[in-house]
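Undergrad: The structure that follows is given in the form of structure tokens.
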Amino acid sequence: MKPVLSVREVWVEFRLATGSPRVKKSVHALRGVNFDVFEREVYGIVGASGSGKSTLLKVIMGFIKPSMGTIEIDGINLLKVDRETRKSIIKKIGYVSQNPLTAVDPRFKVKDIIAEPLKAAGVPKSDIVKILPTLIEAVGLTPEVMELLPYELSLGMLQRVVIARAIAAKPRVLLLDEPTSALDSVTQSHITVLLRELRELFGYTSVLVSHDLRVVSRLADKLAIMLAGLILEEGLVADVLNRPLHPYTQALIDSLKLKEMKEVLVADPRVCPYYTNCTQRLEEKCRVLPPLVELSNTRKVRCWLYA
Amino acid sequence: MVLNVKKEFAVQAEALSLGYEDLGSVFWAVRDVHLEIERGSSLCIVGESGSGKTTLGNAIAGLLPPYVRVAGKLVIEGVEVIKDSRVIGANKIRGRIVTKIPQNPATSLNPYVRIEQMFYDVLRDVRGIREKRIAREEISKLVSAVGLEEDVLYMYPHELSGGMSQRVTIALALASKPSIIVADEPTSNLDAYLKGHIVRLIRDLSDKFGISLVVITHDISITEVVCKDMVVMFLGEIVERGHVKDIIRAPLHPYSSELIEAVNLESASYKPKKYAGGCVYHARCPHASNECLKPPPLLKLSDGREVKCWRQAR
């Protein structure tokens, strides 16, 4: 089986402001990320703030240019094709961003917001009018909202509109960047349930990024744990949650029960990113960055304890 | 209305309503709230966006905007803040008796000022400590109390991570030696892993310094860690109050159950909320009946438990 989306060795480097043109400092937001997403699969990525998970989605969307690596959708490398082909492929990606308020044009009515990707896909106007009500209903809104402007909706309703827009043109890949983190806990729950219902209805192929392990465990099939631009562990959701291998994964699971957890500060890019906080570290060995070891077909882990 | 000002209460509110003018009429964001918080205890105010919890928190912190409409009475540490539909004493408590830990630390720290200077300012203006040596000692104590290194003092806010700046705002709140701390969504801008850490820090410090704590949150899961008591608000009204453990074990109001379901991401009953008289939760309640068109009374049950629901009245 061929993957729908395949990300290979993606590196992203950000230049830091140093105050002098002669002093060059940079930080790597992504350090060689690899993964595949297959048809009708939801690939979840979990990590704390600053782990590079949003950068990864922005790279796939083409907002950020990686310094190295390939991104393939249905076997076509997005970074190597000409502008026109690239545009036509990007149209097939649905994107839901963190904050719905900044994701919509404040002057557009809800119906125009949702119709936009359909227009881009060349759907005739008469068909758009027919499709809109079913989309609005699928995301749990009433047809009256179609005539409203974004400021008249609550944040949760607006996030539903953004989701409707993302799935409108039946995207090949749906990218969900923290779809619930700007919302309150009740609305978070509503949106999570909605995304699960939509999956049964439309069966989307998706990459879901979140810092909330609960949301990802509800929606994803596979789970990757990220820290400092590296994937530390990857596996099926049930496997990773029930048998976490990496000490960092264990700490994340514990944090759900609001157990003590210290901030992970990554100082040296050459050592294991979890070195300072790890309770099981091997003093000498862990000062070298461990490789991502493939334990079985579905399970990978980046830790010297398993290498 | 007569309210005995009792010394043992940090916060006393009687029939307190807070509203904003909206096209000629008044929209009441908080309606008819009765609240008493004992000295040194901790209370969580839980509810979703738009439930009025932040407005109530701002009233306690003395941070109401000048155009706000008020009714009822609010007494904080013996100081009358709201009386006879007027805000009269907010400037006596603000920043001195009550300090607030803001929701978003990144936007509440002055970007042009080093962290150290912020502490000097608070110590000088609120506590009158002018001598640098004494101030410096005090700052060191505060910074180590929240678990930060002293290097932080020489940094600007943009150089700090989210967790670090939230710690700075906690230390700044402690710097003025308040009797009450209002923490407005202290964790909503942090990722899930730091939540437990910051919440525990706030609780431990308020215990240590004997400060009364008001925590405003939409996340019922953190209440168990910080607070003893809890009030649940919906559309400006308190619908349930009691000990955190009791409410989480056996919620009486259907809205409290919805909040608990939401933590497990199971609540799916999405309906827009609108208030048309009667019970505030009527439009969304799975148990709504004709009775709910009348406003339910606040029932007082044993052990300080109160609930506003017709199902419990029967």
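We name chains A, B, ... following the order of the structure tokens; residues begin at 1 in each chain, and ligands are numbered from 1 as shown.
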Run DSSP on the backbone and give me the residues of stretch 41-137 of chain B it puts in helix (DSSP H, G or I), as a PyMOL selection string.

TA: chain B and resi 53-61+90-93+105-108+115-127+132-137

Undergrad: Store the residues picked out above in a file with N, CA and C atoms, as an mmCIF file, in the first residue's frame.

TA:
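Output file result-v3.cif follows:
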data_model
loop_
_atom_site.group_PDB
_atom_site.id
_atom_site.type_symbol
_atom_site.label_atom_id
_atom_site.label_comp_id
_atom_site.auth_asym_id
_atom_site.auth_seq_id
_atom_site.Cartn_x
_atom_site.Cartn_y
_atom_site.Cartn_z
ATOM 1 N N LYS B 53 -17.809 34.382 34.732
ATOM 2 C CA LYS B 53 -16.845 34.110 35.790
ATOM 3 C C LYS B 53 -15.700 35.123 35.812
ATOM 4 N N THR B 54 -15.263 35.569 34.653
ATOM 5 C CA THR B 54 -14.187 36.562 34.615
ATOM 6 C C THR B 54 -14.663 37.906 35.143
ATOM 7 N N THR B 55 -15.903 38.315 34.806
ATOM 8 C CA THR B 55 -16.455 39.569 35.319
ATOM 9 C C THR B 55 -16.532 39.522 36.837
ATOM 10 N N LEU B 56 -16.965 38.394 37.387
ATOM 11 C CA LEU B 56 -17.038 38.255 38.835
ATOM 12 C C LEU B 56 -15.633 38.329 39.448
ATOM 13 N N GLY B 57 -14.672 37.663 38.797
ATOM 14 C CA GLY B 57 -13.293 37.710 39.269
ATOM 15 C C GLY B 57 -12.731 39.123 39.235
ATOM 16 N N ASN B 58 -13.050 39.878 38.164
ATOM 17 C CA ASN B 58 -12.590 41.250 38.060
ATOM 18 C C ASN B 58 -13.194 42.122 39.154
ATOM 19 N N ALA B 59 -14.442 41.859 39.515
ATOM 20 C CA ALA B 59 -15.078 42.621 40.586
ATOM 21 C C ALA B 59 -14.339 42.386 41.899
ATOM 22 N N ILE B 60 -13.970 41.116 42.158
ATOM 23 C CA ILE B 60 -13.263 40.795 43.399
ATOM 24 C C ILE B 60 -11.873 41.440 43.400
ATOM 25 N N ALA B 61 -11.242 41.507 42.206
ATOM 26 C CA ALA B 61 -9.903 42.096 42.122
ATOM 27 C C ALA B 61 -9.940 43.611 42.010
ATOM 28 N N ALA B 90 -13.019 50.326 44.956
ATOM 29 C CA ALA B 90 -12.162 49.425 44.177
ATOM 30 C C ALA B 90 -10.688 49.799 44.275
ATOM 31 N N ASN B 91 -10.406 51.125 44.319
ATOM 32 C CA ASN B 91 -8.996 51.527 44.342
ATOM 33 C C ASN B 91 -8.304 51.244 45.676
ATOM 34 N N LYS B 92 -9.107 50.970 46.730
ATOM 35 C CA LYS B 92 -8.480 50.634 48.016
ATOM 36 C C LYS B 92 -7.957 49.202 48.029
ATOM 37 N N ILE B 93 -8.585 48.334 47.271
ATOM 38 C CA ILE B 93 -8.185 46.922 47.309
ATOM 39 C C ILE B 93 -7.296 46.526 46.152
ATOM 40 N N PRO B 105 0.027 35.508 30.401
ATOM 41 C CA PRO B 105 1.187 36.202 30.949
ATOM 42 C C PRO B 105 1.943 36.991 29.890
ATOM 43 N N ALA B 106 1.935 36.486 28.638
ATOM 44 C CA ALA B 106 2.739 37.137 27.597
ATOM 45 C C ALA B 106 2.270 38.570 27.336
ATOM 46 N N THR B 107 0.960 38.817 27.447
ATOM 47 C CA THR B 107 0.463 40.152 27.143
ATOM 48 C C THR B 107 0.325 41.008 28.394
ATOM 49 N N SER B 108 0.610 40.476 29.566
ATOM 50 C CA SER B 108 0.416 41.285 30.756
ATOM 51 C C SER B 108 1.716 41.775 31.369
ATOM 52 N N ILE B 115 12.536 42.068 33.962
ATOM 53 C CA ILE B 115 11.724 41.459 35.010
ATOM 54 C C ILE B 115 12.077 42.062 36.375
ATOM 55 N N GLU B 116 13.385 42.292 36.611
ATOM 56 C CA GLU B 116 13.839 42.827 37.895
ATOM 57 C C GLU B 116 13.139 44.153 38.218
ATOM 58 N N GLN B 117 13.056 45.037 37.197
ATOM 59 C CA GLN B 117 12.467 46.355 37.402
ATOM 60 C C GLN B 117 10.989 46.245 37.808
ATOM 61 N N MET B 118 10.287 45.253 37.238
ATOM 62 C CA MET B 118 8.873 45.069 37.573
ATOM 63 C C MET B 118 8.719 44.814 39.075
ATOM 64 N N PHE B 119 9.627 43.982 39.610
ATOM 65 C CA PHE B 119 9.566 43.686 41.043
ATOM 66 C C PHE B 119 9.864 44.938 41.860
ATOM 67 N N TYR B 120 10.908 45.689 41.459
ATOM 68 C CA TYR B 120 11.243 46.920 42.185
ATOM 69 C C TYR B 120 10.037 47.851 42.229
ATOM 70 N N ASP B 121 9.343 47.974 41.080
ATOM 71 C CA ASP B 121 8.191 48.868 40.998
ATOM 72 C C ASP B 121 7.100 48.471 41.992
ATOM 73 N N VAL B 122 6.794 47.162 42.020
ATOM 74 C CA VAL B 122 5.731 46.699 42.915
ATOM 75 C C VAL B 122 6.141 46.939 44.366
ATOM 76 N N LEU B 123 7.379 46.575 44.705
ATOM 77 C CA LEU B 123 7.826 46.698 46.092
ATOM 78 C C LEU B 123 7.830 48.161 46.532
ATOM 79 N N ARG B 124 8.224 49.079 45.641
ATOM 80 C CA ARG B 124 8.292 50.485 45.999
ATOM 81 C C ARG B 124 6.884 51.084 46.113
ATOM 82 N N ASP B 125 6.057 50.840 45.086
ATOM 83 C CA ASP B 125 4.758 51.506 45.053
ATOM 84 C C ASP B 125 3.750 50.926 46.031
ATOM 85 N N VAL B 126 3.775 49.610 46.202
ATOM 86 C CA VAL B 126 2.761 48.998 47.059
ATOM 87 C C VAL B 126 3.245 48.885 48.495
ATOM 88 N N ARG B 127 4.497 48.478 48.657
ATOM 89 C CA ARG B 127 4.954 48.212 50.022
ATOM 90 C C ARG B 127 5.916 49.265 50.552
ATOM 91 N N LYS B 132 17.365 49.591 47.914
ATOM 92 C CA LYS B 132 17.586 48.560 46.907
ATOM 93 C C LYS B 132 18.036 47.225 47.506
ATOM 94 N N ARG B 133 18.837 47.317 48.586
ATOM 95 C CA ARG B 133 19.388 46.092 49.164
ATOM 96 C C ARG B 133 18.276 45.226 49.754
ATOM 97 N N ILE B 134 17.355 45.865 50.479
ATOM 98 C CA ILE B 134 16.235 45.125 51.076
ATOM 99 C C ILE B 134 15.330 44.581 49.972
ATOM 100 N N ALA B 135 15.067 45.420 48.987
ATOM 101 C CA ALA B 135 14.224 44.995 47.872
ATOM 102 C C ALA B 135 14.822 43.784 47.174
ATOM 103 N N ARG B 136 16.163 43.837 46.974
ATOM 104 C CA ARG B 136 16.866 42.768 46.280
ATOM 105 C C ARG B 136 16.713 41.430 47.005
ATOM 106 N N GLU B 137 16.840 41.483 48.345
ATOM 107 C CA GLU B 137 16.685 40.256 49.140
ATOM 108 C C GLU B 137 15.289 39.688 48.981
#

Undergrad: Determine, counting only C-alpha atoms, which protein, DNA and RNA residues have an atom within 8 Å of an atom of A:Ala307; residues of the same chain fewer than 2 positions away are not included. Present the result as a ChimeraX atom specification.

TA: /A:290-291,293,302-305

Undergrad: Find the residues near stretch 189-197 of chain B: any atom within 10 Å, counting only C-alpha atoms, skip ones fewer than 3 places away on the same chain, and give them as a PyMOL selection string.

TA: (chain A and resi 47-49+181-182+210-214+251-264) or (chain B and resi 103-106+161-163+166+185-186+200-202+221-222+225-226)

Undergrad: Limited to C-alpha atoms, could you put the picked residues into a file as a PDB file, in the first residue's frame?

TA:
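Dumped everything to again-v3.pdb:
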ATOM      1  CA  GLY A  47       4.333  17.440  21.902  1.00  0.00           C
ATOM      2  CA  ALA A  48       4.762  20.378  24.255  1.00  0.00           C
ATOM      3  CA  SER A  49       4.985  23.979  23.063  1.00  0.00           C
ATOM      4  CA  SER A 181      -6.703  24.356  22.117  1.00  0.00           C
ATOM      5  CA  ALA A 182      -8.208  27.860  21.801  1.00  0.00           C
ATOM      6  CA  SER A 210      -2.117  18.755  19.542  1.00  0.00           C
ATOM      7  CA  HIS A 211      -0.514  19.174  22.927  1.00  0.00           C
ATOM      8  CA  ASP A 212      -3.517  17.432  24.444  1.00  0.00           C
ATOM      9  CA  LEU A 213      -2.978  13.684  24.632  1.00  0.00           C
ATOM     10  CA  ARG A 214      -6.681  13.156  25.359  1.00  0.00           C
ATOM     11  CA  ALA A 251       5.808  11.612  31.767  1.00  0.00           C
ATOM     12  CA  LEU A 252       3.239  12.973  29.315  1.00  0.00           C
ATOM     13  CA  ILE A 253       0.754  10.271  30.255  1.00  0.00           C
ATOM     14  CA  ASP A 254       1.347  10.969  33.945  1.00  0.00           C
ATOM     15  CA  SER A 255       0.755  14.678  33.363  1.00  0.00           C
ATOM     16  CA  LEU A 256      -2.834  13.878  32.347  1.00  0.00           C
ATOM     17  CA  LYS A 257      -3.421  12.990  35.979  1.00  0.00           C
ATOM     18  CA  LEU A 258      -1.948  16.408  36.797  1.00  0.00           C
ATOM     19  CA  LYS A 259       1.152  14.816  38.287  1.00  0.00           C
ATOM     20  CA  GLU A 260       4.235  16.924  38.766  1.00  0.00           C
ATOM     21  CA  MET A 261       6.075  17.576  35.567  1.00  0.00           C
ATOM     22  CA  LYS A 262       9.013  19.843  35.002  1.00  0.00           C
ATOM     23  CA  GLU A 263       9.496  21.946  31.910  1.00  0.00           C
ATOM     24  CA  VAL A 264      11.855  20.272  29.474  1.00  0.00           C
TER      25      VAL A 264
ATOM     26  CA  GLN B 103      -4.882  34.686  31.916  1.00  0.00           C
ATOM     27  CA  ASN B 104      -2.209  35.461  29.367  1.00  0.00           C
ATOM     28  CA  PRO B 105       1.187  36.202  30.949  1.00  0.00           C
ATOM     29  CA  ALA B 106       2.739  37.137  27.597  1.00  0.00           C
ATOM     30  CA  SER B 161       8.805  30.654  27.788  1.00  0.00           C
ATOM     31  CA  GLY B 162       5.094  30.462  28.593  1.00  0.00           C
ATOM     32  CA  GLY B 163       5.657  28.513  31.800  1.00  0.00           C
ATOM     33  CA  GLN B 166       3.420  32.521  34.210  1.00  0.00           C
ATOM     34  CA  GLU B 185      -7.586  30.858  33.920  1.00  0.00           C
ATOM     35  CA  PRO B 186      -3.996  30.407  35.109  1.00  0.00           C
ATOM     36  CA  ARG B 200       0.127  23.061  42.406  1.00  0.00           C
ATOM     37  CA  LEU B 201       2.544  25.952  42.689  1.00  0.00           C
ATOM     38  CA  ILE B 202      -0.304  28.445  43.118  1.00  0.00           C
ATOM     39  CA  SER B 221     -10.155  18.718  36.195  1.00  0.00           C
ATOM     40  CA  ILE B 222      -7.794  21.203  37.855  1.00  0.00           C
ATOM     41  CA  VAL B 225      -5.861  19.891  42.830  1.00  0.00           C
ATOM     42  CA  VAL B 226      -6.262  23.518  43.949  1.00  0.00           C
TER      43      VAL B 226
END

Undergrad: Give me, please, the distance in Å between atom CA of B:Pro296 and atom CA of B:Cys279, quoted to one decimal.

TA: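 If I compute the distance from atom CA of B:Pro296 to atom CA of B:Cys279, I get 6.1 Å.
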
Undergrad: Let me make sure I understand: among B:Asp229, B:Asp84, B:Glu224, B:Glu77, which one has the smallest atom-to-atom distance to chain A if we use only C-alpha atoms?

TA: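 For chain A, the nearest of the given residues is B:Glu224.
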
Undergrad: Identify which of the residues B:Ile220, B:Val244, B:Ile97, B:Leu153 lies closest to chain A, counting only C-alpha atoms when measuring atom-to-atom distances.

TA: B:Ile220

Undergrad: Using only C-alpha atoms, pick whichever of B:Val199, B:Val280, B:Leu235, B:Ala183 has the shortest atom-to-atom distance to chain A.

TA: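 Of B:Val199, B:Val280, B:Leu235, B:Ala183, the one nearest chain A, counting only C-alpha atoms, is B:Val199.
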
Undergrad: Going by DSSP on the backbone, which bits of stretch 146-203 of chain A are strand (DSSP E or B)? Write them as a list in words, please.

TA: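 Written out, the strand (DSSP E or B) residues of stretch 146-203 of chain A are Val173, Leu174, Leu175, Leu176 and Asp177 of chain A.
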
Undergrad: Could you jot down the atom CA of A:Ile71 to atom CA of A:Thr85 separation for me, Å, one decimal place?

TA: 14.1 Å

Undergrad: Do you know which residues are at most 9 Å from B:Gly147 counting only C-alpha atoms, after dropping those on the same chain fewer than 4 positions away, and could you put them as a list in words?

TA: Leu142, Val143, Arg167 and Leu201 of chain B

Undergrad: What lies within 10 Å of B:Arg86 using only C-alpha atoms, ignoring chain neighbours under 6 positions off, as a list in words?

TA: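 My reading of the contact set: Val68, Arg69, Val70, Ala71, Gly72 and Lys73 of chain B.
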
Undergrad: Could you check the closest approach to chain A for each of B:Pro251, B:Gly47, B:Gly236, B:Gly95 and tell me which residue wins, using only C-alpha atoms?

TA: B:Gly47

Undergrad: Would you kindly return, as a list in words, each protein, DNA or RNA residue with an atom no farther than 7 Å from any atom of B:Pro178, considering only C-alpha atoms and excluding same-chain residues fewer than 6 positions away?

TA: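 Listing them by chain and then by number gives Arg96, Ile97, Val98 and Thr99 of chain B.
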
Undergrad: Next, write the just-selected residues to a file, as a PDB file, in the first residue's frame, keeping N, CA and C atoms as the atom set.

TA:
ATOM      1  N   ARG B  96      -3.403  45.831  46.178  1.00  0.00           N
ATOM      2  CA  ARG B  96      -2.899  45.885  47.549  1.00  0.00           C
ATOM      3  C   ARG B  96      -3.466  44.728  48.363  1.00  0.00           C
ATOM      4  N   ILE B  97      -4.796  44.704  48.471  1.00  0.00           N
ATOM      5  CA  ILE B  97      -5.429  43.607  49.194  1.00  0.00           C
ATOM      6  C   ILE B  97      -5.648  42.417  48.265  1.00  0.00           C
ATOM      7  N   VAL B  98      -6.023  42.709  47.030  1.00  0.00           N
ATOM      8  CA  VAL B  98      -6.243  41.644  46.050  1.00  0.00           C
ATOM      9  C   VAL B  98      -5.305  41.845  44.864  1.00  0.00           C
ATOM     10  N   THR B  99      -4.648  40.762  44.441  1.00  0.00           N
ATOM     11  CA  THR B  99      -3.906  40.845  43.176  1.00  0.00           C
ATOM     12  C   THR B  99      -4.403  39.739  42.266  1.00  0.00           C
TER      13      THR B  99
END

Undergrad: Might you pull out every residue within 9 Å of B:Leu252, with only C-alpha atoms counted and same-chain residues fewer than 4 positions away left off, and present them as a CSV table (one decimal) with C-alpha atoms, in the first residue's frame?

TA:
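Listed below is the output, selection-v6.csv:
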chain,number,residue,atom,x,y,z
B,240,GLU,CA,-24.3,24.8,42.1
B,247,ILE,CA,-19.6,17.9,43.2
B,256,SER,CA,-22.0,20.3,36.4
B,257,SER,CA,-22.4,16.8,34.9
B,307,VAL,CA,-28.1,23.9,43.9
B,309,CYS,CA,-32.5,23.1,39.8
B,311,ARG,CA,-35.3,18.4,39.8
B,312,GLN,CA,-33.7,18.7,43.2

Undergrad: Would you please work out which residue, of B:Thr223, B:Pro286, B:Gly50, B:Val11, is nearest to B:Ser267 when using only C-alpha atoms?

TA: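 Nearest candidate to B:Ser267 out of B:Thr223, B:Pro286, B:Gly50, B:Val11: B:Pro286.
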
Undergrad: Of the residues A:Leu241, A:Val186, A:Leu227, A:Ala164, which is the one nearest to chain B, using only C-alpha atoms?

TA: A:Val186

Undergrad: Any idea what the distance is between atom CA of B:Arg203 and atom CA of B:Arg39?

TA: 14.5 Å
